[in-house]
Amino acid sequence: MRISGKIIDLTAGEIYDGYIIIEGGVILDKVREANSSKRFILPGLIDSHIHIESSMLVPSRFAEAAARHGTVAVVSDPHEIANVVGIKGVEFMIENSRTVPLKFYFGAPSCVPATTFERSGGEIGIDELKRLMEMEEIKYLSEMMNYPGVIRGDREVAEKLNVAKRAGKPIDGHAPGLRGKQLEKYINAGINTDHESISLDEAREKINKGMKIQIREGSAARSLDKLHFLIDENPDQLMLCSDDLHPEMLEKGHINILVRRLVNMGYDILTILKIAVLNPHRHYGLETGLLRKGDNADFIIIDEPEKFNVMETWINGVKVYDGSNVLFETIPVKAVNNFNSSKITVDDICITSRKGKIRVIEAIDGELLTGIYELELNDTGNKLESDTESDVLKIVVKDRYNDTKPSVAFIKGFGLKKGAFASSVAHDSHNIIAVGADDASICSAVNKVVEMKGGLAVCEDGQCEGLLLEVGGIMSDVPCGTMAAKYKKLTDLVHAMGCQLNSPFMTLSFMALLVIPELKISDKGLFDGTRFEFVDLYI
């Protein structure tokens, strides 16, 4: 098979007229020859760090959407489903990914559970890690979020790192705000990537000390605008990733959107594709093609770099997207889950007020980081409830694995004026998390999630809308467009209740992520992510 166009040759660093010859799923030859084609042929795109589960789609359904956007491979950390059902969840992701052409390269989750300060449904210890590292689909040790454990020299953390080193596989990092001597300890432990840089200076320091930086554009956290300056400074040390991408964004685009944006910002297409394709290919040792003779025929065809409209996607010499349709089928999945929670009542989330200040989580739109807001309360003997006028709302986390009493705190930044919404997508343990303007609505939203054994819920005046996530309470086996429409409907309902956050469900899901400073909440209580310890509601 012969395909002509303008070839974007990353290894040669050139763009020229020519054609490629495909035979047996590989590039048999690549020839320079003048032609009048206006199409560009280039290697397929790679997401260097993503949690597929955040799309709320199983891998096969994710692949349908990603292929439309020119993605041929993803480097995926399955720690979300692992926190729900352990190693069985990782095996589910691998088995389902095998049913579609998209190339999934998984990591072995390093932090399941993410911390000891929350209850989760799964655990991956040293023995499980060794077993995973023997699998060919496992390319690396997933992000080491327990950076305090690395710095302290924790024995189990050190052994997990050694398992990866002995297997000869890279180790992904997760070190928001880490600088100086502590950063050096973290890097010296063998960790060589990071996608959590808070500032440009921090990212520069990490690069100077040997790390590769993954520029992230996801649904809740975005760093391209503040980190793109690194492209002119250290392109060899950069990759692109989405990390967490909800369905409504995945439906619109993937890594192709980042490439388009950067090209239109004035960056050279060859440099951007080096970052988006060549660097992750080399770093993780991927079996993806680079349009070299003898490579797997993994490539895409676009109209032009500035528009970056994907016209065709090819994987292993097979066309999987023709510009209109995805050309492969998916098969139904057998759902895995772990859900053991009863419903809650208003009495379960009641807090009696007393004199003094309380700690309030301060959510920031578009950031995983949170602040601490202090609120002075009068000793009236009344119960503490949400105050919509001050935008101080009650937030609840309910353990869904052991059916313990919910933890309750307060949060600022959601802006709800009425109703409540809840989700069993709550990083990383995926307990039930809810925020609301009144206790009754909060209970209704939590209980709707309980009824579904996992999903999203929006409730107001006793009326609830739900979205079922039958796989682990975090994913579903439906097309991306279907999930995006359902998700948008719930998001619109939350916005109609007064919330102004761009992605309210995504932001809510990260309020339980204890490894991101500053103040978060788990099913066990309020947690200071800077001091890495529980704190009381009252100061």
# chains A, B, ... in the order shown; residues from 1 in each chain; ligands from 1
$ residues_around --residues "Val100 (chain A)" --least-positions-apart "4" --cutoff "9 Å" --atoms "only C-alpha atoms" --output "ChimeraX atom specification"
/A:59-60,63-64,96,328-330
$ residues_around --residues "Tyr186 (chain A)" --least-positions-apart "3" --cutoff "6 Å" --atoms "only C-alpha atoms" --output "list in words"
Ile151, Leu183 and Ala189 of chain A
$ residues_around --residues "region 153-158 of chain A" --least-positions-apart "5" --cutoff "9 Å" --atoms "only C-alpha atoms" --output "PyMOL selection string"
chain A and resi 110-111+125-126+144+146+148+163+189
$ select_by_dssp --residues "region 271-490 of chain A" --states "alpha helix (DSSP H)" --output "number ranges by chain"
A: 271-273, 279-284, 439-452, 480-490
$ closest_atom_pairs --of "region 75-106 of chain A" --to "region 49-56 of chain A" --cutoff "10 Å" --atoms "only C-alpha atoms" --output "tab-separated table"
residue	atom	partner	partner_atom	distance
A:Val75	CA	A:His49	CA	5.2
A:Ser76	CA	A:Ile50	CA	4.9
A:Asp77	CA	A:His51	CA	5.2
A:Pro78	CA	A:His51	CA	6.0
A:His79	CA	A:His51	CA	7.6
A:Glu80	CA	A:Glu53	CA	6.5
A:Ile81	CA	A:Glu53	CA	7.1
A:Met93	CA	A:Ile52	CA	9.0
A:Phe104	CA	A:Ile52	CA	9.8
A:Tyr105	CA	A:His49	CA	9.9
A:Phe106	CA	A:Ile50	CA	9.6
$ residues_around --residues "Met249 (chain A)" --least-positions-apart "4" --cutoff "12 Å" --atoms "only C-alpha atoms" --output "list in words"
Ser54, Ser55, Met56, Phe62, Ala65, Ala66, His69, Glu217, Gly218, Ser219, Ala220, Ser242, Asp244, Leu245, Gly253, His254, Ile255, Ile257, Cys480, Gly481, Met483, Ala484, Ala485, Tyr487, Lys488, Asn502, Ser503 and Met506 of chain A
$ residues_around --residues "Pro406 (chain A)" --least-positions-apart "5" --cutoff "8 Å" --atoms "only C-alpha atoms" --output "PDB file with C-alpha atoms, in the first residue's frame"
ATOM      1  CA  ASP A 348     -25.239  11.419  60.264  1.00  0.00           C
ATOM      2  CA  ILE A 349     -23.846  14.715  58.950  1.00  0.00           C
ATOM      3  CA  VAL A 396     -19.207  15.093  53.082  1.00  0.00           C
ATOM      4  CA  VAL A 397     -17.140  11.971  52.351  1.00  0.00           C
ATOM      5  CA  LYS A 398     -18.721   8.544  52.916  1.00  0.00           C
ATOM      6  CA  ASP A 399     -16.619   5.370  52.994  1.00  0.00           C
ATOM      7  CA  ASP A 523     -13.579   9.524  54.810  1.00  0.00           C
ATOM      8  CA  LYS A 524     -11.572   9.799  58.055  1.00  0.00           C
TER       9      LYS A 524
END
$ residues_around --residues "Ala34 (chain A)" --least-positions-apart "2" --cutoff "8 Å" --atoms "only C-alpha atoms" --output "PyMOL selection string"
chain A and resi 17-18+32+36
$ write_last_selection --atoms "N, CA and C atoms" --output "PDB file, in the first residue's frame"
ATOM      1  N   ASP A  17       7.915  16.389   0.447  1.00  0.00           N
ATOM      2  CA  ASP A  17       6.981  15.591  -0.347  1.00  0.00           C
ATOM      3  C   ASP A  17       7.503  14.160  -0.461  1.00  0.00           C
ATOM      4  N   GLY A  18       6.568  13.213  -0.438  1.00  0.00           N
ATOM      5  CA  GLY A  18       6.998  11.834  -0.598  1.00  0.00           C
ATOM      6  C   GLY A  18       5.859  10.868  -0.380  1.00  0.00           C
ATOM      7  N   ARG A  32      11.253  10.006  -0.935  1.00  0.00           N
ATOM      8  CA  ARG A  32      11.063  11.413  -1.296  1.00  0.00           C
ATOM      9  C   ARG A  32      10.622  11.480  -2.757  1.00  0.00           C
ATOM     10  N   SER A  36       1.567  16.761  -5.442  1.00  0.00           N
ATOM     11  CA  SER A  36       0.716  17.937  -5.249  1.00  0.00           C
ATOM     12  C   SER A  36      -0.220  17.791  -4.045  1.00  0.00           C
TER      13      SER A  36
END
$ closest_residue --among "A:Thr193, A:Asn256, A:Thr507, A:Gln500" --to "Lys520 (chain A)" --atoms "only C-alpha atoms"
A:Thr507
$ residues_around --residues "region 355-365 of chain A" --least-positions-apart "4" --cutoff "6 Å" --atoms "only C-alpha atoms" --output "list in words"
Thr370, Gly371, Ile372, Tyr373, Glu374, Leu375, Glu376, Leu377, Asn378, Asp379, Phe410, Ile411, Lys412, Gly413, Leu501, Leu519, Leu537, Tyr538 and Ile539 of chain A
$ atom_distance --atom1 "CA of Leu161 (chain A)" --atom2 "CA of Gly190 (chain A)"
7.4 Å
$ decode --residues "region 210-332 of chain A" --atoms "C-alpha atoms" --output "mmCIF file, in the first residue's frame"
data_model
loop_
_atom_site.group_PDB
_atom_site.id
_atom_site.type_symbol
_atom_site.label_atom_id
_atom_site.label_comp_id
_atom_site.auth_asym_id
_atom_site.auth_seq_id
_atom_site.Cartn_x
_atom_site.Cartn_y
_atom_site.Cartn_z
ATOM 1 C CA GLY A 210 17.466 15.786 35.609
ATOM 2 C CA MET A 211 13.698 15.369 35.474
ATOM 3 C CA LYS A 212 11.442 15.319 32.442
ATOM 4 C CA ILE A 213 8.416 17.599 32.710
ATOM 5 C CA GLN A 214 5.031 16.539 31.370
ATOM 6 C CA ILE A 215 3.034 19.611 30.377
ATOM 7 C CA ARG A 216 -0.530 18.839 31.437
ATOM 8 C CA GLU A 217 -3.846 19.997 30.037
ATOM 9 C CA GLY A 218 -6.713 18.130 31.676
ATOM 10 C CA SER A 219 -10.214 18.879 32.879
ATOM 11 C CA ALA A 220 -9.237 20.166 36.325
ATOM 12 C CA ALA A 221 -5.556 21.073 36.058
ATOM 13 C CA ARG A 222 -3.885 22.897 33.187
ATOM 14 C CA SER A 223 -0.286 24.024 32.932
ATOM 15 C CA LEU A 224 0.355 24.745 29.259
ATOM 16 C CA ASP A 225 -0.040 28.513 29.581
ATOM 17 C CA LYS A 226 2.526 28.747 32.370
ATOM 18 C CA LEU A 227 4.974 26.054 31.212
ATOM 19 C CA HIS A 228 5.096 26.412 27.410
ATOM 20 C CA PHE A 229 8.135 28.721 27.769
ATOM 21 C CA LEU A 230 10.140 25.562 28.481
ATOM 22 C CA ILE A 231 9.744 24.544 24.837
ATOM 23 C CA ASP A 232 12.397 27.013 23.679
ATOM 24 C CA GLU A 233 14.629 26.101 26.625
ATOM 25 C CA ASN A 234 14.567 22.308 27.008
ATOM 26 C CA PRO A 235 12.421 20.568 24.374
ATOM 27 C CA ASP A 236 14.270 17.274 24.918
ATOM 28 C CA GLN A 237 13.036 17.186 28.524
ATOM 29 C CA LEU A 238 9.340 17.701 27.800
ATOM 30 C CA MET A 239 6.273 15.593 27.039
ATOM 31 C CA LEU A 240 2.552 16.347 26.716
ATOM 32 C CA CYS A 241 -0.182 14.735 28.789
ATOM 33 C CA SER A 242 -3.781 15.152 29.878
ATOM 34 C CA ASP A 243 -3.630 13.308 33.248
ATOM 35 C CA ASP A 244 -7.380 13.484 33.923
ATOM 36 C CA LEU A 245 -9.743 14.141 31.030
ATOM 37 C CA HIS A 246 -13.491 14.062 31.519
ATOM 38 C CA PRO A 247 -15.767 12.803 28.714
ATOM 39 C CA GLU A 248 -17.062 16.144 27.483
ATOM 40 C CA MET A 249 -13.486 17.304 26.843
ATOM 41 C CA LEU A 250 -12.359 13.993 25.341
ATOM 42 C CA GLU A 251 -15.287 14.182 22.939
ATOM 43 C CA LYS A 252 -13.887 17.505 21.643
ATOM 44 C CA GLY A 253 -10.235 16.560 21.451
ATOM 45 C CA HIS A 254 -7.127 15.098 23.023
ATOM 46 C CA ILE A 255 -3.396 15.722 22.512
ATOM 47 C CA ASN A 256 -4.242 17.118 19.068
ATOM 48 C CA ILE A 257 -5.705 20.199 20.761
ATOM 49 C CA LEU A 258 -2.433 20.873 22.589
ATOM 50 C CA VAL A 259 -0.416 20.460 19.400
ATOM 51 C CA ARG A 260 -2.740 22.811 17.509
ATOM 52 C CA ARG A 261 -2.566 25.435 20.262
ATOM 53 C CA LEU A 262 1.216 25.344 20.418
ATOM 54 C CA VAL A 263 1.621 25.579 16.646
ATOM 55 C CA ASN A 264 -0.678 28.583 16.605
ATOM 56 C CA MET A 265 1.362 30.120 19.413
ATOM 57 C CA GLY A 266 4.274 30.137 16.973
ATOM 58 C CA TYR A 267 6.163 26.988 17.911
ATOM 59 C CA ASP A 268 7.662 24.844 15.159
ATOM 60 C CA ILE A 269 5.599 21.740 14.345
ATOM 61 C CA LEU A 270 8.693 19.517 14.322
ATOM 62 C CA THR A 271 9.603 20.616 17.833
ATOM 63 C CA ILE A 272 6.075 20.111 19.129
ATOM 64 C CA LEU A 273 5.800 16.649 17.610
ATOM 65 C CA LYS A 274 9.139 15.733 19.103
ATOM 66 C CA ILE A 275 7.635 16.577 22.485
ATOM 67 C CA ALA A 276 4.292 14.897 21.748
ATOM 68 C CA VAL A 277 5.603 11.744 20.070
ATOM 69 C CA LEU A 278 9.351 11.151 20.050
ATOM 70 C CA ASN A 279 10.115 11.946 23.696
ATOM 71 C CA PRO A 280 7.492 9.634 25.269
ATOM 72 C CA HIS A 281 8.358 6.925 22.716
ATOM 73 C CA ARG A 282 11.976 6.987 23.851
ATOM 74 C CA HIS A 283 11.418 7.555 27.560
ATOM 75 C CA TYR A 284 9.000 4.658 28.072
ATOM 76 C CA GLY A 285 10.405 2.382 25.362
ATOM 77 C CA LEU A 286 7.147 2.200 23.429
ATOM 78 C CA GLU A 287 6.523 0.035 20.374
ATOM 79 C CA THR A 288 4.989 2.941 18.484
ATOM 80 C CA GLY A 289 6.051 3.861 14.973
ATOM 81 C CA LEU A 290 7.957 7.034 14.101
ATOM 82 C CA LEU A 291 7.580 6.739 10.287
ATOM 83 C CA ARG A 292 10.974 5.124 9.981
ATOM 84 C CA LYS A 293 11.631 2.229 7.632
ATOM 85 C CA GLY A 294 10.778 -0.962 9.533
ATOM 86 C CA ASP A 295 8.625 0.802 12.146
ATOM 87 C CA ASN A 296 5.089 -0.168 12.990
ATOM 88 C CA ALA A 297 2.824 1.827 10.678
ATOM 89 C CA ASP A 298 1.327 4.078 13.376
ATOM 90 C CA PHE A 299 0.603 7.425 11.774
ATOM 91 C CA ILE A 300 -2.031 10.039 11.132
ATOM 92 C CA ILE A 301 -2.954 12.245 8.197
ATOM 93 C CA ILE A 302 -3.968 15.865 8.807
ATOM 94 C CA ASP A 303 -4.941 18.783 6.600
ATOM 95 C CA GLU A 304 -2.347 21.257 7.884
ATOM 96 C CA PRO A 305 -0.466 21.868 11.161
ATOM 97 C CA GLU A 306 -2.274 25.124 12.021
ATOM 98 C CA LYS A 307 -5.714 23.514 11.768
ATOM 99 C CA PHE A 308 -4.594 20.004 12.715
ATOM 100 C CA ASN A 309 -7.819 18.362 11.573
ATOM 101 C CA VAL A 310 -7.302 14.613 11.721
ATOM 102 C CA MET A 311 -8.340 13.025 8.426
ATOM 103 C CA GLU A 312 -7.116 9.484 9.054
ATOM 104 C CA THR A 313 -5.600 7.459 11.911
ATOM 105 C CA TRP A 314 -3.601 4.288 11.254
ATOM 106 C CA ILE A 315 -2.341 1.771 13.817
ATOM 107 C CA ASN A 316 -0.125 -1.181 12.822
ATOM 108 C CA GLY A 317 -0.893 -0.503 9.163
ATOM 109 C CA VAL A 318 -4.659 -0.615 9.626
ATOM 110 C CA LYS A 319 -6.860 2.435 9.150
ATOM 111 C CA VAL A 320 -8.843 2.840 12.391
ATOM 112 C CA TYR A 321 -10.437 6.220 11.614
ATOM 113 C CA ASP A 322 -11.376 7.519 8.169
ATOM 114 C CA GLY A 323 -12.243 11.127 8.991
ATOM 115 C CA SER A 324 -15.869 10.319 9.740
ATOM 116 C CA ASN A 325 -16.072 6.918 11.379
ATOM 117 C CA VAL A 326 -14.094 4.775 13.793
ATOM 118 C CA LEU A 327 -13.382 1.538 11.934
ATOM 119 C CA PHE A 328 -13.234 -0.978 14.773
ATOM 120 C CA GLU A 329 -15.835 -2.567 17.021
ATOM 121 C CA THR A 330 -15.973 -2.828 20.805
ATOM 122 C CA ILE A 331 -17.322 -5.759 22.771
ATOM 123 C CA PRO A 332 -19.412 -5.599 25.981
#
